[in-house]
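Since the structure comes first, as structure tokens, the remarks are kept for the end.
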Amino acid sequence: MNSKFQPSIIVHGGAGPIRDDSLPARLDGCKAAALAGWKIIEAGGSALDAVELAVVVLEDNPLFNAGTGSTLNSLGKVEMDAAIMEGQSLRAGAVAAVSGIKNPIKLARRVMEDGRHVLLAGEGASLFARQIGFPQCAPDSLVVEREKKRWDSKHGTVGCVAFGSKGDLAVGTSTGGIFNKLPGRVGDSPLIGCGTYAESTLGGVSCTGDGEAIIRVTLARRALEILKNVGDPGQACEAALSVLVEEGGGQGGLILVDWRGRVGWARSTTLMPVGLMSPRHAEPELPF
């Protein structure tokens with residue numbers, strides 16, 4: 001491997017207010033996800049596999065607004081979005097407004113590997129899942145008691161960007177969307193270039209926050225364009241957030257890994273749980 005490359009992985013657990021005492025547990029969840037993905041990278045596995053597993057760990061944790069624990073729409077139902085992308089080939093797969101799928105990120109990868117389409121939504125995504133024998137679940141099994149009781153607006157998304165030991169780059173994002181959304185609402189997460197993007201010559205980005213604002217400024221791709229000019233991942237994230245706030249009129253956060261494996265992140269919200277791993281860290285770093 002070229003010495004200028006540094007394998008790394010970073011995950012986020014969503015940007016926004018946390019109104020209870022769950023922050024330590026959310027940080028632990030990000031730590032577990034980063035570690036799970038890092039073990040794949042350490043063993044010589046692909047960044048794509050690392051991203052998928054890390055996001056699955058977050059989707060399976062009911063504290064996060066993705067998979068199990070997803071927030072409810074205006075009808076009291078779960079509809080989820082997810083996307084996955086690899087930087088070398090620009091292959092991408094996404095699903096939107098899906099229900100009855102325990103791990104939407106896995107279905108998004110199957111859409112990518114199928115190759116006919118990039119984004120499948122609603123009943124079309126469910127039909128594709130049935131056609132390929134993808135396991136489905138009762139939609140109510142994804143609803144946790146907290147979401148039944150908590151009628152309060154919240155934003156939340158989980159995401160991961162990984163840079164493998166062979167210089168491969170991948171990104172994945174998954175969300176239950178915003179609370180009380182209209183049925184059929186699609187956020188930024190499954191939209192390539194908005195909430196999710198990876199290109200091997202630049203880097204990979206996963207975003208979280210006000211989805212409509214992120215869509216308006218195509219934040220993920222915008223962050224990488226800024227990176228070309230400023231050169232530093234952290235500065236690029238901060239500058240991209242300024243675009244989100246000033247031009248998009250929204251709040252949020254993003255994580256970024258550049259083409260050398262350098263990591264950056266930023267938020268304009270109160271909190272954004274983050275976990276990251278690289279050869280420099282024997283234990284995951286937990287900035288938030």
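By order of appearance in the structure tokens: chains A, B, ..., then residues from 1 within every chain, and ligands from 1 in the order shown.
For range 46-92 of chain A, backbone-based DSSP labels the following residues as alpha helix (DSSP H): Ala47, Leu48, Asp49, Ala50, Val51, Glu52, Leu53, Ala54, Val55, Val56, Val57, Leu58 and Glu59 of chain A.
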Could you please take those selected residues and save all heavy atoms as a compact mmCIF listing (two decimals), in the first residue's frame?
# COMPACT_ATOMS: atom_id res chain seq x y z
N ALA A 47 -13.46 -1.56 2.02
CA ALA A 47 -14.13 -0.43 2.65
C ALA A 47 -15.64 -0.57 2.53
O ALA A 47 -16.39 -0.19 3.44
CB ALA A 47 -13.67 0.88 2.02
N LEU A 48 -16.11 -1.12 1.42
CA LEU A 48 -17.54 -1.30 1.21
C LEU A 48 -18.14 -2.23 2.26
O LEU A 48 -19.19 -1.94 2.85
CB LEU A 48 -17.81 -1.85 -0.19
CG LEU A 48 -19.26 -1.86 -0.66
CD1 LEU A 48 -19.79 -0.45 -0.82
CD2 LEU A 48 -19.38 -2.63 -1.97
N ASP A 49 -17.47 -3.35 2.52
CA ASP A 49 -17.96 -4.27 3.56
C ASP A 49 -17.91 -3.62 4.93
O ASP A 49 -18.80 -3.83 5.76
CB ASP A 49 -17.10 -5.54 3.57
CG ASP A 49 -17.37 -6.46 2.38
OD1 ASP A 49 -18.42 -6.29 1.73
OD2 ASP A 49 -16.52 -7.33 2.11
N ALA A 50 -16.86 -2.84 5.19
CA ALA A 50 -16.73 -2.17 6.48
C ALA A 50 -17.86 -1.17 6.70
O ALA A 50 -18.45 -1.10 7.77
CB ALA A 50 -15.38 -1.48 6.57
N VAL A 51 -18.17 -0.40 5.66
CA VAL A 51 -19.24 0.59 5.75
C VAL A 51 -20.58 -0.11 5.99
O VAL A 51 -21.37 0.31 6.86
CB VAL A 51 -19.29 1.44 4.46
CG1 VAL A 51 -20.65 2.12 4.30
CG2 VAL A 51 -18.18 2.48 4.48
N GLU A 52 -20.85 -1.14 5.22
CA GLU A 52 -22.14 -1.83 5.37
C GLU A 52 -22.30 -2.37 6.79
O GLU A 52 -23.35 -2.17 7.42
CB GLU A 52 -22.25 -2.98 4.38
CG GLU A 52 -23.57 -3.72 4.49
CD GLU A 52 -23.69 -4.90 3.53
OE1 GLU A 52 -22.65 -5.33 2.99
OE2 GLU A 52 -24.81 -5.39 3.34
N LEU A 53 -21.28 -3.02 7.34
CA LEU A 53 -21.39 -3.59 8.68
C LEU A 53 -21.54 -2.50 9.72
O LEU A 53 -22.36 -2.62 10.65
CB LEU A 53 -20.18 -4.46 8.99
CG LEU A 53 -20.19 -5.10 10.39
CD1 LEU A 53 -21.43 -5.97 10.58
CD2 LEU A 53 -18.92 -5.91 10.63
N ALA A 54 -20.77 -1.43 9.61
CA ALA A 54 -20.86 -0.35 10.60
C ALA A 54 -22.26 0.25 10.62
O ALA A 54 -22.83 0.51 11.69
CB ALA A 54 -19.83 0.74 10.29
N VAL A 55 -22.85 0.46 9.45
CA VAL A 55 -24.20 1.03 9.40
C VAL A 55 -25.22 0.03 9.93
O VAL A 55 -26.17 0.41 10.62
CB VAL A 55 -24.55 1.48 7.97
CG1 VAL A 55 -26.01 1.94 7.89
CG2 VAL A 55 -23.62 2.62 7.54
N VAL A 56 -25.03 -1.26 9.66
CA VAL A 56 -25.93 -2.28 10.21
C VAL A 56 -25.92 -2.24 11.74
O VAL A 56 -26.98 -2.32 12.39
CB VAL A 56 -25.55 -3.69 9.71
CG1 VAL A 56 -26.19 -4.78 10.56
CG2 VAL A 56 -25.97 -3.85 8.25
N VAL A 57 -24.72 -2.10 12.33
CA VAL A 57 -24.63 -2.01 13.79
C VAL A 57 -25.45 -0.83 14.31
O VAL A 57 -26.15 -0.94 15.32
CB VAL A 57 -23.16 -1.90 14.22
CG1 VAL A 57 -23.05 -1.57 15.72
CG2 VAL A 57 -22.41 -3.19 13.92
N LEU A 58 -25.40 0.28 13.61
CA LEU A 58 -26.17 1.46 14.02
C LEU A 58 -27.66 1.26 13.77
O LEU A 58 -28.49 1.68 14.58
CB LEU A 58 -25.65 2.69 13.28
CG LEU A 58 -24.23 3.13 13.65
CD1 LEU A 58 -23.71 4.16 12.66
CD2 LEU A 58 -24.17 3.68 15.06
N GLU A 59 -28.00 0.64 12.65
CA GLU A 59 -29.41 0.37 12.36
C GLU A 59 -30.04 -0.56 13.40
O GLU A 59 -31.23 -0.45 13.70
CB GLU A 59 -29.57 -0.26 10.97
CG GLU A 59 -29.35 0.69 9.81
CD GLU A 59 -29.47 0.01 8.46
OE1 GLU A 59 -29.25 -1.24 8.40
OE2 GLU A 59 -29.76 0.68 7.47
Wanna dump the range 82-192 of chain A-range 201-206 of chain A contacts at 9 Å for me, each residue with its shortest atom pair and the distance in Å to one decimal, counting only C-alpha atoms, ordered by chain and number, as CSV?
residue,atom,partner,partner_atom,distance
A:Met85,CA,A:Gly204,CA,8.8
A:Glu86,CA,A:Gly204,CA,8.5
A:Gly87,CA,A:Gly204,CA,7.2
A:Gln88,CA,A:Thr201,CA,8.1
A:Val158,CA,A:Ser206,CA,8.4
A:Gly159,CA,A:Ser206,CA,5.7
A:Cys160,CA,A:Ser206,CA,6.5
A:Val161,CA,A:Gly204,CA,6.2
A:Ala162,CA,A:Gly204,CA,8.0
A:Phe163,CA,A:Gly204,CA,8.7
A:Leu169,CA,A:Gly204,CA,6.9
A:Ala170,CA,A:Gly204,CA,6.6
A:Val171,CA,A:Gly204,CA,6.0
A:Gly172,CA,A:Ser206,CA,6.9
A:Thr173,CA,A:Ser206,CA,6.1
A:Ser189,CA,A:Ser206,CA,8.0
Export of the given selection (C-alpha atoms) as a PDB file, in the first residue's frame:
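Written output follows (again15.pdb):
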ATOM      1  CA  MET A  85     -21.593   4.056  -2.705  1.00  0.00           C
ATOM      2  CA  GLU A  86     -18.037   3.088  -3.574  1.00  0.00           C
ATOM      3  CA  GLY A  87     -15.578   5.656  -4.817  1.00  0.00           C
ATOM      4  CA  GLN A  88     -13.543   3.780  -7.442  1.00  0.00           C
ATOM      5  CA  VAL A 158     -26.539   7.345  10.777  1.00  0.00           C
ATOM      6  CA  GLY A 159     -23.632   7.145   8.408  1.00  0.00           C
ATOM      7  CA  CYS A 160     -20.149   5.787   7.807  1.00  0.00           C
ATOM      8  CA  VAL A 161     -17.210   6.553   5.543  1.00  0.00           C
ATOM      9  CA  ALA A 162     -14.329   4.094   5.276  1.00  0.00           C
ATOM     10  CA  PHE A 163     -10.959   4.070   3.541  1.00  0.00           C
ATOM     11  CA  LEU A 169     -13.233   4.242  -0.432  1.00  0.00           C
ATOM     12  CA  ALA A 170     -16.918   3.736   0.426  1.00  0.00           C
ATOM     13  CA  VAL A 171     -19.764   5.529   2.175  1.00  0.00           C
ATOM     14  CA  GLY A 172     -23.165   4.533   3.535  1.00  0.00           C
ATOM     15  CA  THR A 173     -26.035   6.491   5.094  1.00  0.00           C
ATOM     16  CA  SER A 189     -29.736  10.283   2.633  1.00  0.00           C
TER      17      SER A 189
END
Could you pull the residues within 9 Å of Gly264 in chain A, counting only C-alpha atoms, minus those fewer than 5 positions along the same chain, as number ranges by chain? A: 10, 232-237, 254-258
With N, CA and C atoms retained, could you export that selection as a PDB file, in the first residue's frame?
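The resulting file, out_3.pdb, is shown below:
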ATOM      1  N   ILE A  10     -14.918   6.347   9.946  1.00  0.00           N
ATOM      2  CA  ILE A  10     -15.606   7.284  10.816  1.00  0.00           C
ATOM      3  C   ILE A  10     -17.105   7.059  10.673  1.00  0.00           C
ATOM      4  N   ASP A 232      -7.836  20.502   3.278  1.00  0.00           N
ATOM      5  CA  ASP A 232      -7.921  19.901   4.607  1.00  0.00           C
ATOM      6  C   ASP A 232      -9.350  19.419   4.865  1.00  0.00           C
ATOM      7  N   PRO A 233      -9.536  18.150   5.254  1.00  0.00           N
ATOM      8  CA  PRO A 233     -10.893  17.621   5.445  1.00  0.00           C
ATOM      9  C   PRO A 233     -11.718  18.374   6.486  1.00  0.00           C
ATOM     10  N   GLY A 234     -11.088  18.735   7.613  1.00  0.00           N
ATOM     11  CA  GLY A 234     -11.816  19.456   8.645  1.00  0.00           C
ATOM     12  C   GLY A 234     -12.278  20.816   8.172  1.00  0.00           C
ATOM     13  N   GLN A 235     -11.395  21.552   7.490  1.00  0.00           N
ATOM     14  CA  GLN A 235     -11.761  22.864   6.967  1.00  0.00           C
ATOM     15  C   GLN A 235     -12.861  22.736   5.916  1.00  0.00           C
ATOM     16  N   ALA A 236     -12.774  21.703   5.092  1.00  0.00           N
ATOM     17  CA  ALA A 236     -13.794  21.493   4.065  1.00  0.00           C
ATOM     18  C   ALA A 236     -15.157  21.260   4.697  1.00  0.00           C
ATOM     19  N   CYS A 237     -15.192  20.490   5.782  1.00  0.00           N
ATOM     20  CA  CYS A 237     -16.463  20.225   6.467  1.00  0.00           C
ATOM     21  C   CYS A 237     -17.038  21.510   7.054  1.00  0.00           C
ATOM     22  N   LEU A 254     -21.714  16.653   9.057  1.00  0.00           N
ATOM     23  CA  LEU A 254     -21.206  15.731   8.042  1.00  0.00           C
ATOM     24  C   LEU A 254     -19.890  15.148   8.511  1.00  0.00           C
ATOM     25  N   ILE A 255     -19.592  13.967   7.979  1.00  0.00           N
ATOM     26  CA  ILE A 255     -18.295  13.334   8.174  1.00  0.00           C
ATOM     27  C   ILE A 255     -17.664  13.142   6.806  1.00  0.00           C
ATOM     28  N   LEU A 256     -16.335  13.175   6.751  1.00  0.00           N
ATOM     29  CA  LEU A 256     -15.629  13.126   5.465  1.00  0.00           C
ATOM     30  C   LEU A 256     -14.325  12.365   5.623  1.00  0.00           C
ATOM     31  N   VAL A 257     -14.007  11.532   4.658  1.00  0.00           N
ATOM     32  CA  VAL A 257     -12.678  10.914   4.545  1.00  0.00           C
ATOM     33  C   VAL A 257     -12.150  11.253   3.163  1.00  0.00           C
ATOM     34  N   ASP A 258     -10.937  11.807   3.081  1.00  0.00           N
ATOM     35  CA  ASP A 258     -10.422  12.205   1.774  1.00  0.00           C
ATOM     36  C   ASP A 258      -9.699  11.059   1.084  1.00  0.00           C
TER      37      ASP A 258
END
Which residues are near Gly100 in chain A? Cut-off 10 Å, only C-alpha atoms, ignore same chain within fewer than 2 positions. Put them as a ChimeraX atom specification. /A:67,78-80,98,102-104,126,135-142
Just the residues within 9 Å of range 12-18 of chain A, please, counting only C-alpha atoms, with nothing from its chain fewer than 5 positions along; format it as an MDAnalysis selection string. chainID A and resid 23 26:27 29:30 58 64:65 154:160 175 206:209 251:255 267:276 288
Generate a file of the selected residues that holds N, CA and C atoms, formatted as a short mmCIF file (atom, residue, chain, number, x, y, z; two decimals), in the first residue's frame.
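Contents of the output file out08.cif:
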data_model
loop_
_atom_site.label_atom_id
_atom_site.label_comp_id
_atom_site.auth_asym_id
_atom_site.auth_seq_id
_atom_site.Cartn_x
_atom_site.Cartn_y
_atom_site.Cartn_z
N LEU A 23 -26.74 10.31 25.63
CA LEU A 23 -25.51 10.60 24.88
C LEU A 23 -24.41 9.57 25.14
N ARG A 26 -25.16 6.57 23.15
CA ARG A 26 -25.04 6.82 21.72
C ARG A 26 -23.57 6.84 21.30
N LEU A 27 -22.72 7.41 22.14
CA LEU A 27 -21.28 7.37 21.86
C LEU A 27 -20.76 5.94 21.87
N GLY A 29 -22.52 3.38 21.09
CA GLY A 29 -23.02 2.79 19.85
C GLY A 29 -22.16 3.14 18.66
N CYS A 30 -21.71 4.40 18.60
CA CYS A 30 -20.81 4.81 17.53
C CYS A 30 -19.47 4.09 17.63
N LEU A 58 -25.40 0.28 13.61
CA LEU A 58 -26.17 1.46 14.02
C LEU A 58 -27.66 1.26 13.77
N PHE A 64 -30.78 4.88 17.73
CA PHE A 64 -30.56 5.70 16.54
C PHE A 64 -31.76 5.67 15.62
N ASN A 65 -31.93 6.77 14.91
CA ASN A 65 -33.06 6.93 13.99
C ASN A 65 -32.70 6.32 12.64
N LYS A 154 -37.63 15.72 15.61
CA LYS A 154 -36.21 15.42 15.74
C LYS A 154 -35.65 15.00 14.40
N HIS A 155 -34.41 15.28 14.20
CA HIS A 155 -33.70 14.86 13.00
C HIS A 155 -32.70 13.79 13.41
N GLY A 156 -32.44 12.86 12.54
CA GLY A 156 -31.45 11.85 12.88
C GLY A 156 -31.15 10.97 11.69
N THR A 157 -29.92 10.58 11.56
CA THR A 157 -29.44 9.76 10.47
C THR A 157 -28.19 9.09 11.01
N VAL A 158 -27.84 7.93 10.46
CA VAL A 158 -26.54 7.34 10.78
C VAL A 158 -25.75 7.22 9.48
N GLY A 159 -24.44 7.24 9.61
CA GLY A 159 -23.63 7.14 8.41
C GLY A 159 -22.23 6.68 8.71
N CYS A 160 -21.52 6.27 7.67
CA CYS A 160 -20.15 5.79 7.81
C CYS A 160 -19.39 6.06 6.52
N THR A 175 -31.43 6.24 7.40
CA THR A 175 -32.24 7.09 8.27
C THR A 175 -33.71 6.67 8.28
N SER A 206 -20.79 11.55 4.31
CA SER A 206 -22.13 11.21 4.77
C SER A 206 -22.65 12.38 5.59
N CYS A 207 -23.89 12.81 5.28
CA CYS A 207 -24.46 14.00 5.91
C CYS A 207 -25.63 13.63 6.82
N THR A 208 -25.98 14.55 7.69
CA THR A 208 -27.11 14.38 8.58
C THR A 208 -27.65 15.75 8.95
N GLY A 209 -28.95 15.83 9.23
CA GLY A 209 -29.55 17.09 9.62
C GLY A 209 -30.81 17.40 8.85
N GLN A 251 -29.71 23.26 9.36
CA GLN A 251 -28.67 22.88 10.29
C GLN A 251 -28.33 21.40 10.08
N GLY A 252 -27.13 21.01 10.49
CA GLY A 252 -26.77 19.60 10.34
C GLY A 252 -25.31 19.34 10.62
N GLY A 253 -24.82 18.26 10.07
CA GLY A 253 -23.43 17.88 10.24
C GLY A 253 -23.01 16.94 9.13
N LEU A 254 -21.71 16.65 9.06
CA LEU A 254 -21.21 15.73 8.04
C LEU A 254 -19.89 15.15 8.51
N ILE A 255 -19.59 13.97 7.98
CA ILE A 255 -18.29 13.33 8.17
C ILE A 255 -17.66 13.14 6.81
N ARG A 267 -20.23 20.00 12.71
CA ARG A 267 -21.66 20.09 12.96
C ARG A 267 -22.02 21.54 13.27
N SER A 268 -23.25 21.92 12.95
CA SER A 268 -23.77 23.22 13.37
C SER A 268 -24.81 23.04 14.46
N THR A 269 -25.11 21.80 14.80
CA THR A 269 -26.11 21.46 15.81
C THR A 269 -25.44 21.32 17.18
N THR A 270 -26.27 21.13 18.20
CA THR A 270 -25.74 20.99 19.56
C THR A 270 -24.80 19.80 19.68
N LEU A 271 -25.22 18.67 19.13
CA LEU A 271 -24.46 17.43 19.25
C LEU A 271 -24.48 16.65 17.95
N MET A 272 -23.47 15.82 17.75
CA MET A 272 -23.43 14.83 16.67
C MET A 272 -22.48 13.73 17.13
N PRO A 273 -22.99 12.65 17.71
CA PRO A 273 -22.10 11.57 18.15
C PRO A 273 -21.28 11.02 16.99
N VAL A 274 -19.98 10.88 17.21
CA VAL A 274 -19.06 10.43 16.17
C VAL A 274 -18.09 9.43 16.78
N GLY A 275 -17.72 8.41 16.01
CA GLY A 275 -16.66 7.50 16.40
C GLY A 275 -15.73 7.28 15.23
N LEU A 276 -14.42 7.25 15.46
CA LEU A 276 -13.49 7.04 14.35
C LEU A 276 -12.34 6.14 14.78
N PHE A 288 -17.59 14.55 19.67
CA PHE A 288 -18.99 14.82 19.37
C PHE A 288 -19.27 16.32 19.44
#
To one decimal in Å, tell me the separation between CA of Cys194 in chain A and CA of Lys181 in chain A. 18.8 Å
Can you pull out every residue within 8 Å of Phe5 in chain A, counting only C-alpha atoms, but drop anything in the same chain fewer than 5 positions away, and send it as a list in words?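 Neighbouring residues, sequence-local ones excluded: Ser165, Gly167, Trp259, Arg260 and Gly261 of chain A.
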Selected residues written out, all heavy atoms, as an mmCIF file, in the first residue's frame:
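Final file, out_37.cif:
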data_model
loop_
_atom_site.group_PDB
_atom_site.id
_atom_site.type_symbol
_atom_site.label_atom_id
_atom_site.label_comp_id
_atom_site.auth_asym_id
_atom_site.auth_seq_id
_atom_site.Cartn_x
_atom_site.Cartn_y
_atom_site.Cartn_z
ATOM 1 N N SER A 165 -7.360 -0.525 3.287
ATOM 2 C CA SER A 165 -5.897 -0.651 3.227
ATOM 3 C C SER A 165 -5.370 -0.692 1.795
ATOM 4 O O SER A 165 -4.182 -0.519 1.570
ATOM 5 C CB SER A 165 -5.457 -1.915 3.974
ATOM 6 O OG SER A 165 -6.081 -3.064 3.426
ATOM 7 N N GLY A 167 -6.571 1.410 -0.476
ATOM 8 C CA GLY A 167 -6.917 2.703 -1.031
ATOM 9 C C GLY A 167 -8.337 2.791 -1.544
ATOM 10 O O GLY A 167 -8.689 3.746 -2.240
ATOM 11 N N TRP A 259 -9.144 11.318 -0.069
ATOM 12 C CA TRP A 259 -8.560 10.278 -0.923
ATOM 13 C C TRP A 259 -7.283 9.670 -0.346
ATOM 14 O O TRP A 259 -6.782 8.674 -0.847
ATOM 15 C CB TRP A 259 -8.265 10.849 -2.307
ATOM 16 C CG TRP A 259 -7.262 11.962 -2.301
ATOM 17 C CD1 TRP A 259 -7.500 13.285 -2.052
ATOM 18 C CD2 TRP A 259 -5.868 11.858 -2.560
ATOM 19 N NE1 TRP A 259 -6.337 14.016 -2.123
ATOM 20 C CE2 TRP A 259 -5.321 13.166 -2.446
ATOM 21 C CE3 TRP A 259 -5.016 10.806 -2.888
ATOM 22 C CZ2 TRP A 259 -3.970 13.428 -2.643
ATOM 23 C CZ3 TRP A 259 -3.669 11.074 -3.081
ATOM 24 C CH2 TRP A 259 -3.161 12.365 -2.958
ATOM 25 N N ARG A 260 -6.777 10.250 0.750
ATOM 26 C CA ARG A 260 -5.609 9.691 1.430
ATOM 27 C C ARG A 260 -5.977 9.016 2.746
ATOM 28 O O ARG A 260 -5.107 8.493 3.428
ATOM 29 C CB ARG A 260 -4.575 10.788 1.685
ATOM 30 C CG ARG A 260 -3.874 11.265 0.446
ATOM 31 C CD ARG A 260 -2.782 12.238 0.757
ATOM 32 N NE ARG A 260 -3.299 13.559 1.093
ATOM 33 C CZ ARG A 260 -2.529 14.607 1.398
ATOM 34 N NH1 ARG A 260 -1.225 14.479 1.433
ATOM 35 N NH2 ARG A 260 -3.075 15.775 1.678
ATOM 36 N N GLY A 261 -7.236 9.072 3.126
ATOM 37 C CA GLY A 261 -7.667 8.477 4.385
ATOM 38 C C GLY A 261 -7.720 9.440 5.542
ATOM 39 O O GLY A 261 -7.970 9.037 6.681
#
Looking only at strand (DSSP E) from DSSP on the backbone, list the matching residues of range 43-248 of chain A as a compact mmCIF listing (two decimals) with N, CA, C and O atoms, in the first residue's frame.
# COMPACT_ATOMS: atom_id res chain seq x y z
N MET A 80 -38.16 4.33 5.71
CA MET A 80 -36.72 4.54 5.85
C MET A 80 -36.04 4.77 4.50
O MET A 80 -36.52 4.31 3.46
N ASP A 81 -34.93 5.48 4.55
CA ASP A 81 -34.08 5.74 3.38
C ASP A 81 -32.67 5.24 3.68
O ASP A 81 -32.22 5.30 4.82
N ALA A 82 -31.96 4.81 2.64
CA ALA A 82 -30.55 4.42 2.82
C ALA A 82 -29.85 4.45 1.47
O ALA A 82 -30.47 4.27 0.42
N ALA A 83 -28.54 4.66 1.52
CA ALA A 83 -27.73 4.63 0.30
C ALA A 83 -26.34 4.13 0.64
O ALA A 83 -25.84 4.31 1.76
N ILE A 84 -25.69 3.53 -0.37
CA ILE A 84 -24.31 3.08 -0.23
C ILE A 84 -23.61 3.34 -1.55
O ILE A 84 -24.22 3.27 -2.63
N MET A 85 -22.32 3.70 -1.48
CA MET A 85 -21.59 4.06 -2.71
C MET A 85 -20.13 3.74 -2.52
O MET A 85 -19.57 3.89 -1.43
N GLU A 86 -19.49 3.30 -3.61
CA GLU A 86 -18.04 3.09 -3.57
C GLU A 86 -17.36 4.05 -4.53
O GLU A 86 -17.89 4.38 -5.60
N ALA A 92 -23.42 2.90 -7.07
CA ALA A 92 -24.23 3.34 -5.94
C ALA A 92 -25.57 2.62 -5.96
O ALA A 92 -26.07 2.23 -7.02
N GLY A 93 -26.13 2.44 -4.78
CA GLY A 93 -27.46 1.86 -4.65
C GLY A 93 -28.18 2.54 -3.52
O GLY A 93 -27.57 2.90 -2.50
N ALA A 94 -29.49 2.74 -3.68
CA ALA A 94 -30.25 3.44 -2.65
C ALA A 94 -31.69 2.96 -2.64
O ALA A 94 -32.22 2.50 -3.66
N VAL A 95 -32.31 3.07 -1.46
CA VAL A 95 -33.73 2.79 -1.31
C VAL A 95 -34.35 3.95 -0.55
O VAL A 95 -33.70 4.59 0.28
N ALA A 96 -35.63 4.22 -0.82
CA ALA A 96 -36.30 5.35 -0.19
C ALA A 96 -37.72 4.97 0.18
O ALA A 96 -38.37 4.19 -0.53
N ALA A 97 -38.19 5.50 1.31
CA ALA A 97 -39.56 5.30 1.78
C ALA A 97 -39.91 3.81 1.85
O ALA A 97 -40.98 3.39 1.43
N VAL A 98 -38.98 3.01 2.41
CA VAL A 98 -39.22 1.57 2.53
C VAL A 98 -39.65 1.23 3.95
O VAL A 98 -39.28 1.90 4.92
N LEU A 119 -31.65 4.04 -7.53
CA LEU A 119 -32.58 4.32 -6.44
C LEU A 119 -33.93 3.67 -6.70
O LEU A 119 -34.53 3.87 -7.76
N LEU A 120 -34.39 2.88 -5.73
CA LEU A 120 -35.73 2.30 -5.77
C LEU A 120 -36.50 2.80 -4.55
O LEU A 120 -35.96 2.86 -3.45
N ALA A 121 -37.79 3.12 -4.75
CA ALA A 121 -38.57 3.74 -3.68
C ALA A 121 -39.86 2.98 -3.42
O ALA A 121 -40.42 2.34 -4.31
N VAL A 158 -27.84 7.93 10.46
CA VAL A 158 -26.54 7.34 10.78
C VAL A 158 -25.75 7.22 9.48
O VAL A 158 -26.33 7.11 8.40
N GLY A 159 -24.44 7.24 9.61
CA GLY A 159 -23.63 7.14 8.41
C GLY A 159 -22.23 6.68 8.71
O GLY A 159 -21.78 6.70 9.87
N CYS A 160 -21.52 6.27 7.67
CA CYS A 160 -20.15 5.79 7.81
C CYS A 160 -19.39 6.06 6.52
O CYS A 160 -19.94 5.92 5.42
N VAL A 161 -18.15 6.46 6.67
CA VAL A 161 -17.21 6.55 5.54
C VAL A 161 -15.98 5.75 5.92
O VAL A 161 -15.48 5.87 7.05
N ALA A 162 -15.50 4.93 4.99
CA ALA A 162 -14.33 4.09 5.28
C ALA A 162 -13.34 4.15 4.12
O ALA A 162 -13.73 4.23 2.95
N PHE A 163 -12.06 4.09 4.50
CA PHE A 163 -10.96 4.07 3.54
C PHE A 163 -10.13 2.83 3.84
O PHE A 163 -9.58 2.70 4.93
N LEU A 169 -12.44 3.29 -1.19
CA LEU A 169 -13.23 4.24 -0.43
C LEU A 169 -14.71 3.92 -0.60
O LEU A 169 -15.17 3.59 -1.69
N ALA A 170 -15.48 4.00 0.50
CA ALA A 170 -16.92 3.74 0.43
C ALA A 170 -17.64 4.55 1.49
O ALA A 170 -17.05 4.96 2.49
N VAL A 171 -18.94 4.75 1.25
CA VAL A 171 -19.76 5.53 2.17
C VAL A 171 -21.16 4.92 2.22
O VAL A 171 -21.64 4.37 1.23
N GLY A 172 -21.79 5.00 3.39
CA GLY A 172 -23.17 4.53 3.54
C GLY A 172 -23.91 5.43 4.51
O GLY A 172 -23.33 5.93 5.48
N THR A 173 -25.20 5.65 4.25
CA THR A 173 -26.03 6.49 5.09
C THR A 173 -27.41 5.85 5.22
O THR A 173 -27.92 5.29 4.25
N SER A 174 -28.01 5.92 6.41
CA SER A 174 -29.32 5.29 6.64
C SER A 174 -30.11 6.15 7.62
O SER A 174 -29.55 6.70 8.57
N THR A 175 -31.43 6.24 7.40
CA THR A 175 -32.24 7.09 8.27
C THR A 175 -33.71 6.67 8.28
O THR A 175 -34.21 6.08 7.31
N THR A 196 -25.17 11.59 0.54
CA THR A 196 -24.21 10.49 0.40
C THR A 196 -23.42 10.67 -0.88
O THR A 196 -24.02 10.87 -1.94
N TYR A 197 -22.09 10.57 -0.81
CA TYR A 197 -21.31 10.61 -2.04
C TYR A 197 -19.90 10.12 -1.78
O TYR A 197 -19.33 10.34 -0.71
N ALA A 198 -19.33 9.42 -2.78
CA ALA A 198 -17.95 8.96 -2.71
C ALA A 198 -17.33 8.98 -4.11
O ALA A 198 -17.96 8.53 -5.08
N GLU A 199 -16.14 9.51 -4.18
CA GLU A 199 -15.36 9.51 -5.42
C GLU A 199 -13.90 9.35 -5.04
O GLU A 199 -13.38 10.16 -4.26
N GLY A 203 -12.89 11.96 -2.18
CA GLY A 203 -13.19 11.47 -0.85
C GLY A 203 -14.62 10.99 -0.76
O GLY A 203 -15.32 10.86 -1.78
N GLY A 204 -15.06 10.72 0.46
CA GLY A 204 -16.42 10.27 0.70
C GLY A 204 -17.05 11.08 1.82
O GLY A 204 -16.37 11.48 2.76
N VAL A 205 -18.39 11.29 1.72
CA VAL A 205 -19.09 12.14 2.68
C VAL A 205 -20.44 11.50 3.02
O VAL A 205 -21.15 11.01 2.14
N SER A 206 -20.79 11.55 4.31
CA SER A 206 -22.13 11.21 4.77
C SER A 206 -22.65 12.38 5.59
O SER A 206 -21.97 12.87 6.49
N CYS A 207 -23.89 12.81 5.28
CA CYS A 207 -24.46 14.00 5.91
C CYS A 207 -25.63 13.63 6.82
O CYS A 207 -26.23 12.56 6.68
N THR A 208 -25.98 14.55 7.69
CA THR A 208 -27.11 14.38 8.58
C THR A 208 -27.65 15.75 8.95
O THR A 208 -26.91 16.74 8.96
N GLY A 209 -28.95 15.83 9.23
CA GLY A 209 -29.55 17.09 9.62
C GLY A 209 -30.81 17.40 8.85
O GLY A 209 -31.60 16.50 8.55
As a list in words, please: the residues near Arg221 in chain A (cut-off 6 Å, only C-alpha atoms, same-chain neighbours under 3 positions excluded). Gly193, Thr218 and Leu224 of chain A
Residue with the minimum atom-to-atom distance to Trp265 in chain A, picked from A:Val186, A:Leu107, A:Ile9, A:Ala125 with only C-alpha atoms counted, is A:Ile9
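Compared by their closest atoms to Pro7 in chain A, and using only C-alpha atoms, the residues A:Gly115, A:Gly44, A:Gly176, A:Gly164 rank with A:Gly164 nearest.
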